[in-house]
Structures are given as structure tokens and as C-alpha cells.
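Asks: Just dropping this structure here.
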Amino acid sequence: MSGWNPEIEELVQLTRSFVRIPSVLGAEEGLAARVAGEMERLRFDSVERDPAGNVVGILEGSRSGPTLLLDAHLDTVDVRPREAWSHDPFSGHVEEGRIYGRGSSDMKGALAAMLIAVASLRGGLPSGRLVVSASVEEERIEGAALRLVIERVRPDFVVVGEASDLNLVRAGRGRAEFTIEARGRPAHASTPALGKNAVLEMLRWVREIEELPPRRHPVVGESIWCLTDLVSVPYPAHSVVPSACRATYETRLVPGDTPDDVRGQLEKAARRAGVEEFGLELARARIETYTGLAIDQAKWLEPWETPEESPLVERAAEAVRRIHPESRLSSYQFCTNAAYSAGEAGIPTIGFGPSRESLAHMVDEYVEIQQLRKACQGYRAICEALCVISA
């Protein structure tokens with residue numbers, strides 16, 4: 001178990017090959033084809049692409065048992081400003097024990113480690129079924145595409161491979177987006193007193209939102225409010241007092257948050273600000289995957305928590321600590337596909353991956369090769385530990 005060592009050169013070259021294929025925000029088709037080919041080369045028992053374009057590889061155990069799903073997303077954010085990068089972001093440049101490039105940390109390195117770890121158990125899996133999903137569209141709407149995989153394979157346990165610095169994550173923040181609108185009364189800009197300036201109304205509302213106390217959770221920490229856009233109506237305005245002002249607020253959710261509670265915070269802030277006429281709604285994500293599948297859903301992505309005493313956490317933590325004794329229980333501060341697997345579907349879920357959250361979406365993103373090796377060992381150890389649990 002803990003004595004197994006992946007071939008470092010194979011792991012490095014596979015990660016680099018994934019980094020070299022751009023898969024920015026909905027353009028995952030080329031990488032999906034490469035991953036499917038790798039699953040076939042590694043002799044997964046079945047390899048398929050679903051209607052959303054997720055690539056799913058399955059390895060069957062010698063007898064029936066629980067199904068463990070390991071998930072890593074294919075898509076990345078963009079590389080702008082490209083000139084800020086020290087190396088070509090799609091080169092997979094290796095220097096001083098690191099692989100550089102967009103997606104190296106978030107999360108093509110984890111995907112490579114999962115594939116090699118699961119494939120190493122071919123012919124030696126005592127029971128159960130291992131599934132690796134290379135999922136799409138996580139960066140635009142977490143969990144929406146993974147839903148199709150979970151409905152198809154019905155896992156008993158899920159491992160999300162997002163960066164955790166080799167710690168075992170048992171909880172994570174979700175996120176939600178609300179569109180808010182302050183309404184005024186138009187007038188000529190030369191006589192503003194005859195109207196009601198909606199931008200000024202919004203500014204008072206924003207000040208109240210910025211003063212909201214954070215919602216707290218003992219494992220995940222505090223909620224966050226972030227103003228992400230603001231526009232007046234009409235825009236651009238020509239000698240007109242704005243009749244409306246719209247803004248988008250994103251909030252990072254903690255376990256226990258509900259849409260009604262969060263909406264109530266925004267409504268109370270408006271009333272405290274003296275904003276008499278306003279609108280408020282949960283924003284929606286409307287996207288199309290590279291296969292043409294349309295996804296339309298509310299932007300409420302659930303926070304989640306798996307109990308420390310659950311068999312999943314206990315067995316996985318024990319397995320990982322044999323590989324990396326410094327590993328501790330932790331939580332994700334960003335939102336992940338676990339928003340669906342754990343938060344909505346209620347499937348016991350953990351996170352475990354190489355690299356650190358702080359490297360995601362950064363210029364000169366990288367993953368450390370030694371962390372990549374330990375993550376690969378850790379995925380195999382988790383698989384071995386969980387495939388003997390009675391589901």
C-alpha cells in the first residue's frame with residue numbers, strides 16, 4: 001500500500017501533456033479526447049463520454065462492493081494577461097522541481113495522478129468499482145456537469161482532487177450570486193433634485209452590505225460578500241439622472257446557509273439604507289458545453305460538510321497519513337464540484353490533491369513534482385482503503 005511508488009517520469013510527462021492542450025472555459029474537447037485515449041491506453045474496463053462531454057473511465061473490482069468516484073475537472077480559467085507569464089502557459093515547463101502552466105495546479109496534475117493511481121490497481125482491486133471522471137465546465141458552474149456522471153454511476157463515495165496541499169478536506173464553502181437593483185426616478189441632469197438618482201440609492205445599499213457581519217462555521221470559517229459588477233440604467237447616460245442601478249454580489253456560503261436566509265440579509269440591508277424601491281433575485285448560469293448541451297440553473301452552489309467520524313473520512317485520513325504523515329483535516333475556501341456531490345446529492349465526499357488553493361488561477365501557476373507523486377500514492381491508498389468498506 002504505502003510502499004507503492006508511481007513512475008515519476010510517466011507522471012510528469014502525462015501532466016505536461018495535459019497542460020499543453022488548452023482547455024480554457026468551455027473549450028475542453030481536445031483535452032477530453034486526449035484523456036479518453038489515455039484511459040484506453042491504461043486499459044480501463046470502460047471509457048465513455050457523456051452528453052455534457054465529461055470523460056468517464058471505470059475499473060471493475062473482482063467482486064461487488066462500493067463505487068468510488070474520483071473527479072478532476074478539465075477546464076481552466078484564461079491566461080490573461082499572457083505577457084505576465086514567465087513561461088508559455090501551455091508549455092508544461094519544468095524547472096526546480098515544478099511543472100508550470102495553466103491548469104498544472106488546477107487541476108491537470110491531479111487528473112494525471114488519479115489516472116495512474118487507479119490504473120495501477122488493475123487486476124488487484126479486491127472489490128467495488130473505481131470511476132475517474134474528467135469533468136467539464138467546473139470553472140463556470142461548479143457541479144452542474146458532474147451531476148450527469150453521478151446520476152450515471154451512482155457512487156457511494158466521492159473524492160474531489162482539487163488542491164489541498166495533501167491535506168484531507170472534509171468540508172467546503174459554496175457560493176451564490178444575487179442580482180440586486182435599486183430603482184429611482186429619471187430627470188434631466190441639470191435638475192437632479194426633480195428625480196431620484198438610482199446610483200446614489202445603490203451606493204447606500206452597497207455600504208450596508210459591506211458592513212454585514214460574516215456568517216460563521218467552525219470548520220469552514222466565515223462567509224464573504226464580494227461586489228462583482230455595477231451598472232447604471234441607462235448606460236451610457238446623457239444628461240439623465242439614472243432611473244435604475246444594477247449590481248451583482250457573490251457570497252461565499254458556509255454550511256447551514258439557506259437561500260431565504262441570505263436573501264433576507266440583502267433585503268434588510270436595503271431597508272436599513274433607506275432604499276424604498278428595489279429588486280433582488282438569485283442569478284442564473286446559462287452555458288453550453290463543448291458538445292452543445294445547454295445547462296441552465298440557479299447560481300446557488302451548496303456548501304458542504306462530511307462528518308469527521310464518517311467511515312469515509314476515517315479510512316481515507318488513515319490511508320493518506322501513511323503516505324504523508326503531516327496531512328491534517330482541512331476545508332476548502334473556494335467552491336468545488338463537491339457543491340453538487342456532497343452539498344446537493346448528499347454523497348459522502350472528501351477533497352485531496354496536490355498543490356495549494358492559492359496557486360489556482362494565478363500567473364505562473366505550478367504544481368510541485370514531489371507533491372504530485374505523493375498525491376498519486378494517496379489516491380491509490382484511498383482507493384484501497386475504501387474498496388473494502390461495506391456501502
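Note on naming: chains are A, B, ... as they come in the C-alpha cells, residues start from 1 per chain, ligands start from 1 in the order shown.
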Can you list, as a list in words, every protein, DNA or RNA residue that comes within 10 Å of Val47 in chain A when you count only C-alpha atoms, leaving out same-chain residues fewer than 3 positions away?
Replies: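 The contact residues come out as Val35, Ala36, Gly37, Glu38, Met39, Glu40, Arg43, Phe44, Val55, Val56, Gly57, Ile58, Leu59, Val131, Val132 and Ser133 of chain A.
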Asks: Can you check which residues of range 111-142 of chain A DSSP gives as strand (DSSP E or B) on the backbone and send them as an NGL selection string?
Replies: :A and (129-135)
Asks: May I have the selected residues written with C-alpha atoms, as an mmCIF file, in the first residue's frame?
Replies:
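Output saved as result-v4.cif:
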```
data_model
loop_
_atom_site.group_PDB
_atom_site.id
_atom_site.type_symbol
_atom_site.label_atom_id
_atom_site.label_comp_id
_atom_site.auth_asym_id
_atom_site.auth_seq_id
_atom_site.Cartn_x
_atom_site.Cartn_y
_atom_site.Cartn_z
ATOM 1 C CA ARG A 129 -15.653 -0.175 -8.628
ATOM 2 C CA LEU A 130 -13.362 2.783 -9.293
ATOM 3 C CA VAL A 131 -14.531 5.617 -11.519
ATOM 4 C CA VAL A 132 -12.429 8.557 -12.718
ATOM 5 C CA SER A 133 -14.362 11.481 -14.150
ATOM 6 C CA ALA A 134 -12.638 14.196 -16.147
ATOM 7 C CA SER A 135 -15.475 16.689 -15.897
#
```
Asks: Write out as an NGL selection string the residues lying within 9 Å of Pro126 in chain A, counting only C-alpha atoms and excluding same-chain residues fewer than 6 positions away.
Replies: :A and (61-65 or 384 or 387-388)
Asks: Since we have the selection now, will you write its residues out, keeping C-alpha atoms, as a short mmCIF file (atom, residue, chain, number, x, y, z; two decimals), in the first residue's frame?
Replies:
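Output below, filename selection.cif:
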```cif
data_model
loop_
_atom_site.label_atom_id
_atom_site.label_comp_id
_atom_site.auth_asym_id
_atom_site.auth_seq_id
_atom_site.Cartn_x
_atom_site.Cartn_y
_atom_site.Cartn_z
CA GLY A 61 -13.09 -4.94 -8.89
CA SER A 62 -13.02 -8.72 -8.65
CA ARG A 63 -16.30 -8.76 -6.72
CA SER A 64 -19.13 -6.40 -5.91
CA GLY A 65 -18.62 -3.56 -3.48
CA GLU A 384 -7.57 0.53 -1.46
CA CYS A 387 -12.96 -0.56 -1.62
CA VAL A 388 -13.20 -2.75 1.46
#
```
Asks: Identify which of the residues A:Arg82, A:Arg140, A:Arg175, A:Arg215 lies closest to Met362 in chain A, counting only C-alpha atoms when measuring atom-to-atom distances.
Replies: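 Result for the nearest residue to Met362 in chain A: A:Arg82.
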Asks: Would you list the contacts of range 219-223 of chain A as a PyMOL selection string, taking every protein, DNA or RNA residue within 7 Å and counting only C-alpha atoms, but skipping same-chain residues closer than 5 positions in sequence?
Replies: chain A and resi 171-173+214+251-254+331+333
Asks: Please produce, as JSON lines, a per-residue contact table for range 270-368 of chain A versus range 186-207 of chain A (criterion: any atom at most 9 Å away, only C-alpha atoms considered), showing the nearest atom pair and its distance in Å to one decimal, sorted by chain then residue number.
Replies:
```
{"residue": "A:Ala270", "atom": "CA", "partner": "A:Trp205", "partner_atom": "CA", "distance": 5.3}
{"residue": "A:Arg271", "atom": "CA", "partner": "A:Trp205", "partner_atom": "CA", "distance": 8.3}
{"residue": "A:Arg272", "atom": "CA", "partner": "A:Trp205", "partner_atom": "CA", "distance": 8.0}
{"residue": "A:Ala273", "atom": "CA", "partner": "A:Trp205", "partner_atom": "CA", "distance": 5.3}
{"residue": "A:Gly274", "atom": "CA", "partner": "A:Arg204", "partner_atom": "CA", "distance": 7.9}
{"residue": "A:Val275", "atom": "CA", "partner": "A:Glu201", "partner_atom": "CA", "distance": 6.0}
{"residue": "A:Glu276", "atom": "CA", "partner": "A:Glu201", "partner_atom": "CA", "distance": 8.9}
```
Asks: With N, CA, C and O atoms kept, could you save the residues just selected as an mmCIF file, in the first residue's frame?
Replies:
```
data_model
loop_
_atom_site.group_PDB
_atom_site.id
_atom_site.type_symbol
_atom_site.label_atom_id
_atom_site.label_comp_id
_atom_site.auth_asym_id
_atom_site.auth_seq_id
_atom_site.Cartn_x
_atom_site.Cartn_y
_atom_site.Cartn_z
ATOM 1 N N ALA A 270 -31.077 46.671 2.463
ATOM 2 C CA ALA A 270 -31.735 47.697 1.644
ATOM 3 C C ALA A 270 -32.614 48.597 2.503
ATOM 4 O O ALA A 270 -32.617 49.825 2.345
ATOM 5 N N ARG A 271 -33.350 48.000 3.417
ATOM 6 C CA ARG A 271 -34.246 48.792 4.270
ATOM 7 C C ARG A 271 -33.447 49.693 5.218
ATOM 8 O O ARG A 271 -33.827 50.845 5.458
ATOM 9 N N ARG A 272 -32.342 49.166 5.755
ATOM 10 C CA ARG A 272 -31.503 49.994 6.623
ATOM 11 C C ARG A 272 -30.924 51.178 5.852
ATOM 12 O O ARG A 272 -30.701 52.254 6.407
ATOM 13 N N ALA A 273 -30.668 50.962 4.561
ATOM 14 C CA ALA A 273 -30.107 52.024 3.725
ATOM 15 C C ALA A 273 -31.163 53.029 3.281
ATOM 16 O O ALA A 273 -30.830 54.044 2.668
ATOM 17 N N GLY A 274 -32.421 52.735 3.565
ATOM 18 C CA GLY A 274 -33.485 53.631 3.148
ATOM 19 C C GLY A 274 -33.832 53.524 1.680
ATOM 20 O O GLY A 274 -34.443 54.437 1.107
ATOM 21 N N VAL A 275 -33.473 52.415 1.043
ATOM 22 C CA VAL A 275 -33.809 52.190 -0.366
ATOM 23 C C VAL A 275 -35.243 51.670 -0.426
ATOM 24 O O VAL A 275 -35.524 50.545 -0.002
ATOM 25 N N GLU A 276 -36.128 52.495 -0.937
ATOM 26 C CA GLU A 276 -37.556 52.167 -0.890
ATOM 27 C C GLU A 276 -37.986 51.231 -2.003
ATOM 28 O O GLU A 276 -38.843 50.371 -1.815
#
```
Asks: Choose the residue, out of A:His324, A:Arg122, A:His73, A:His87, that has the smallest atom-to-atom separation from Asp364 in chain A; count only C-alpha atoms.
Replies: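 Ranking A:His324, A:Arg122, A:His73, A:His87 by distance to Asp364 in chain A, first place goes to A:His87.
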Asks: I'd like the contact shell of Ile295 in chain A - 7 Å cut-off, only C-alpha atoms, skipping same-chain residues fewer than 3 positions apart - returned as number ranges by chain.
Replies: A: 286-288
Asks: In terms of the shortest atom-to-atom distance over only C-alpha atoms, which of A:Ala385, A:Cys376, A:Val363, A:Val77 is closest to Ala119 in chain A?
Replies: A:Cys376
Asks: Which residue is closest to Gly143 in chain A? Choose from A:Leu227, A:Val160, A:Ile99, A:Ile323 and count only C-alpha atoms.
Replies: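 Looking only at the distances to Gly143 in chain A, the closest residue turns out to be A:Val160.
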Asks: Taking 6 positions as the minimum chain separation for residues in the same chain, which residues sit within 8 Å of range 305-320 of chain A when counting only C-alpha atoms? Answer as a tab-separated table (two decimals) with all heavy atoms, in the first residue's frame.
Replies:
```
chain	number	residue	atom	x	y	z
A	2	SER	N	1.35	1.69	1.17
A	2	SER	CA	2.13	2.92	1.22
A	2	SER	C	3.48	2.76	0.54
A	2	SER	O	4.16	3.74	0.26
A	2	SER	CB	2.32	3.36	2.67
A	2	SER	OG	3.00	2.35	3.40
A	157	PHE	N	-19.11	6.94	-2.65
A	157	PHE	CA	-18.17	7.92	-2.11
A	157	PHE	C	-17.59	8.74	-3.26
A	157	PHE	O	-17.47	8.24	-4.38
A	157	PHE	CB	-17.01	7.24	-1.35
A	157	PHE	CG	-17.45	6.23	-0.34
A	157	PHE	CD1	-17.30	4.87	-0.58
A	157	PHE	CD2	-18.01	6.63	0.86
A	157	PHE	CE1	-17.69	3.93	0.35
A	157	PHE	CE2	-18.41	5.70	1.81
A	157	PHE	CZ	-18.26	4.34	1.56
A	168	LEU	N	-6.46	16.38	3.95
A	168	LEU	CA	-7.73	15.72	3.65
A	168	LEU	C	-8.86	16.71	3.96
A	168	LEU	O	-9.04	17.09	5.11
A	168	LEU	CB	-7.91	14.44	4.46
A	168	LEU	CG	-9.03	13.55	3.94
A	168	LEU	CD1	-8.54	12.72	2.77
A	168	LEU	CD2	-9.58	12.65	5.01
A	170	ARG	N	-12.68	17.85	4.39
A	170	ARG	CA	-13.97	17.24	4.70
A	170	ARG	C	-15.12	18.24	4.67
A	170	ARG	O	-16.24	17.90	5.04
A	170	ARG	CB	-13.93	16.52	6.05
A	170	ARG	CG	-13.81	17.42	7.27
A	170	ARG	CD	-13.95	16.60	8.55
A	170	ARG	NE	-14.07	17.41	9.74
A	170	ARG	CZ	-15.22	17.85	10.23
A	170	ARG	NH1	-16.35	17.58	9.61
A	170	ARG	NH2	-15.26	18.57	11.35
A	171	ALA	N	-14.86	19.45	4.23
A	171	ALA	CA	-15.90	20.47	4.15
A	171	ALA	C	-15.46	21.56	3.19
A	171	ALA	O	-14.27	21.71	2.90
A	171	ALA	CB	-16.19	21.07	5.54
A	172	GLY	N	-16.42	22.32	2.70
A	172	GLY	CA	-16.06	23.39	1.78
A	172	GLY	C	-17.13	24.45	1.68
A	172	GLY	O	-18.32	24.19	1.91
A	255	PRO	N	-21.72	26.01	5.53
A	255	PRO	CA	-22.77	25.04	5.85
A	255	PRO	C	-23.81	25.63	6.79
A	255	PRO	O	-23.48	26.28	7.79
A	255	PRO	CB	-21.98	23.90	6.50
A	255	PRO	CG	-20.63	23.96	5.85
A	255	PRO	CD	-20.36	25.43	5.68
A	327	SER	N	-0.25	15.20	6.90
A	327	SER	CA	-1.60	15.51	6.41
A	327	SER	C	-2.56	15.72	7.59
A	327	SER	O	-2.55	14.99	8.57
A	327	SER	CB	-2.11	14.37	5.53
A	327	SER	OG	-3.39	14.68	5.01
A	328	ARG	N	-3.40	16.75	7.47
A	328	ARG	CA	-4.38	17.04	8.51
A	328	ARG	C	-5.76	17.23	7.88
A	328	ARG	O	-5.88	17.37	6.66
A	328	ARG	CB	-3.98	18.32	9.27
A	328	ARG	CG	-3.85	19.54	8.38
A	328	ARG	CD	-3.41	20.77	9.13
A	328	ARG	NE	-3.25	21.92	8.25
A	328	ARG	CZ	-4.22	22.69	7.82
A	328	ARG	NH1	-5.48	22.44	8.20
A	328	ARG	NH2	-3.99	23.71	7.02
A	329	LEU	N	-6.77	17.24	8.70
A	329	LEU	CA	-8.12	17.51	8.22
A	329	LEU	C	-8.26	19.00	7.96
A	329	LEU	O	-7.78	19.83	8.73
A	329	LEU	CB	-9.17	17.04	9.22
A	329	LEU	CG	-9.22	15.54	9.47
A	329	LEU	CD1	-10.34	15.21	10.46
A	329	LEU	CD2	-9.42	14.77	8.18
A	342	ALA	N	-21.65	16.47	-2.59
A	342	ALA	CA	-21.95	16.46	-1.16
A	342	ALA	C	-23.08	17.41	-0.80
A	342	ALA	O	-24.02	17.04	-0.09
A	342	ALA	CB	-20.70	16.83	-0.36
A	343	GLY	N	-23.00	18.64	-1.32
A	343	GLY	CA	-23.95	19.66	-0.91
A	343	GLY	C	-25.35	19.41	-1.38
A	343	GLY	O	-26.32	19.61	-0.62
A	348	PRO	N	-21.33	11.13	0.61
A	348	PRO	CA	-20.11	11.38	1.39
A	348	PRO	C	-18.94	11.73	0.47
A	348	PRO	O	-18.61	10.98	-0.45
A	348	PRO	CB	-19.88	10.06	2.12
A	348	PRO	CG	-21.25	9.45	2.22
A	348	PRO	CD	-21.95	9.84	0.95
A	349	THR	N	-18.32	12.87	0.73
A	349	THR	CA	-17.31	13.42	-0.18
A	349	THR	C	-16.13	13.94	0.63
A	349	THR	O	-16.29	14.48	1.72
A	349	THR	CB	-17.91	14.57	-1.01
A	349	THR	OG1	-18.99	14.08	-1.81
A	349	THR	CG2	-16.87	15.21	-1.92
A	350	ILE	N	-14.94	13.77	0.06
A	350	ILE	CA	-13.73	14.38	0.61
A	350	ILE	C	-12.97	15.05	-0.53
A	350	ILE	O	-13.23	14.79	-1.71
A	350	ILE	CB	-12.80	13.36	1.30
A	350	ILE	CG1	-12.45	12.21	0.34
A	350	ILE	CG2	-13.40	12.85	2.59
A	350	ILE	CD1	-11.38	11.26	0.87
A	378	GLY	N	-1.36	8.78	-2.64
A	378	GLY	CA	-2.52	8.96	-1.79
A	378	GLY	C	-3.81	8.50	-2.44
A	378	GLY	O	-4.66	7.88	-1.79
A	381	ALA	N	-3.90	4.78	-2.22
A	381	ALA	CA	-4.16	4.34	-0.84
A	381	ALA	C	-5.61	4.55	-0.46
A	381	ALA	O	-6.23	3.70	0.21
A	381	ALA	CB	-3.24	5.09	0.12
A	382	ILE	N	-6.21	5.66	-0.88
A	382	ILE	CA	-7.63	5.91	-0.60
A	382	ILE	C	-8.50	4.87	-1.29
A	382	ILE	O	-9.45	4.33	-0.70
A	382	ILE	CB	-8.01	7.33	-1.05
A	382	ILE	CG1	-7.36	8.38	-0.13
A	382	ILE	CG2	-9.53	7.52	-1.04
A	382	ILE	CD1	-7.49	9.81	-0.64
A	385	ALA	N	-8.31	1.64	0.57
A	385	ALA	CA	-8.99	1.70	1.87
A	385	ALA	C	-10.50	1.66	1.72
A	385	ALA	O	-11.20	1.02	2.50
A	385	ALA	CB	-8.55	2.96	2.61
A	386	LEU	N	-11.02	2.34	0.70
A	386	LEU	CA	-12.48	2.48	0.57
A	386	LEU	C	-13.13	1.30	-0.14
A	386	LEU	O	-14.32	1.06	0.03
A	386	LEU	CB	-12.82	3.77	-0.15
A	386	LEU	CG	-12.42	5.05	0.59
A	386	LEU	CD1	-12.84	6.26	-0.19
A	386	LEU	CD2	-13.02	5.08	1.98
A	389	ILE	N	-14.84	-1.08	2.29
A	389	ILE	CA	-15.94	-0.63	3.11
A	389	ILE	C	-17.24	-1.20	2.57
A	389	ILE	O	-17.46	-1.22	1.37
A	389	ILE	CB	-16.02	0.91	3.13
A	389	ILE	CG1	-14.78	1.50	3.83
A	389	ILE	CG2	-17.29	1.38	3.84
A	389	ILE	CD1	-14.78	3.02	3.83
```
Asks: Give me the residues within 9 Å of Val19 in chain A as a list in words, counting only C-alpha atoms and dropping any in the same chain fewer than 3 places off.
Replies: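 The filter keeps Leu14, Thr15, Arg16, Pro22, Ser23, Leu31, Pro89, Phe90, Ser91, Gly92, Tyr100, Gly101, Arg102, Gly103, Ser104, Lys108 and Gly109 of chain A.
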Asks: Counting only C-alpha atoms, figure out which residue out of A:Glu177, A:Glu267, A:Asp261, A:Glu142 gets nearest to Trp225 in chain A.
Replies: A:Glu177
Asks: Could you work out how far CA of Tyr290 in chain A lies from CA of Pro354 in chain A, giving the answer in Å with one decimal?
Replies: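 Taking CA of Pro354 in chain A and CA of Tyr290 in chain A, their separation equals 27.4 Å.
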Asks: Just checking: using only C-alpha atoms, which residue out of A:Leu212, A:Ala285, A:Glu344, A:Arg183 ends up closest to Val241 in chain A?
Replies: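 Result for the nearest residue to Val241 in chain A: A:Arg183.
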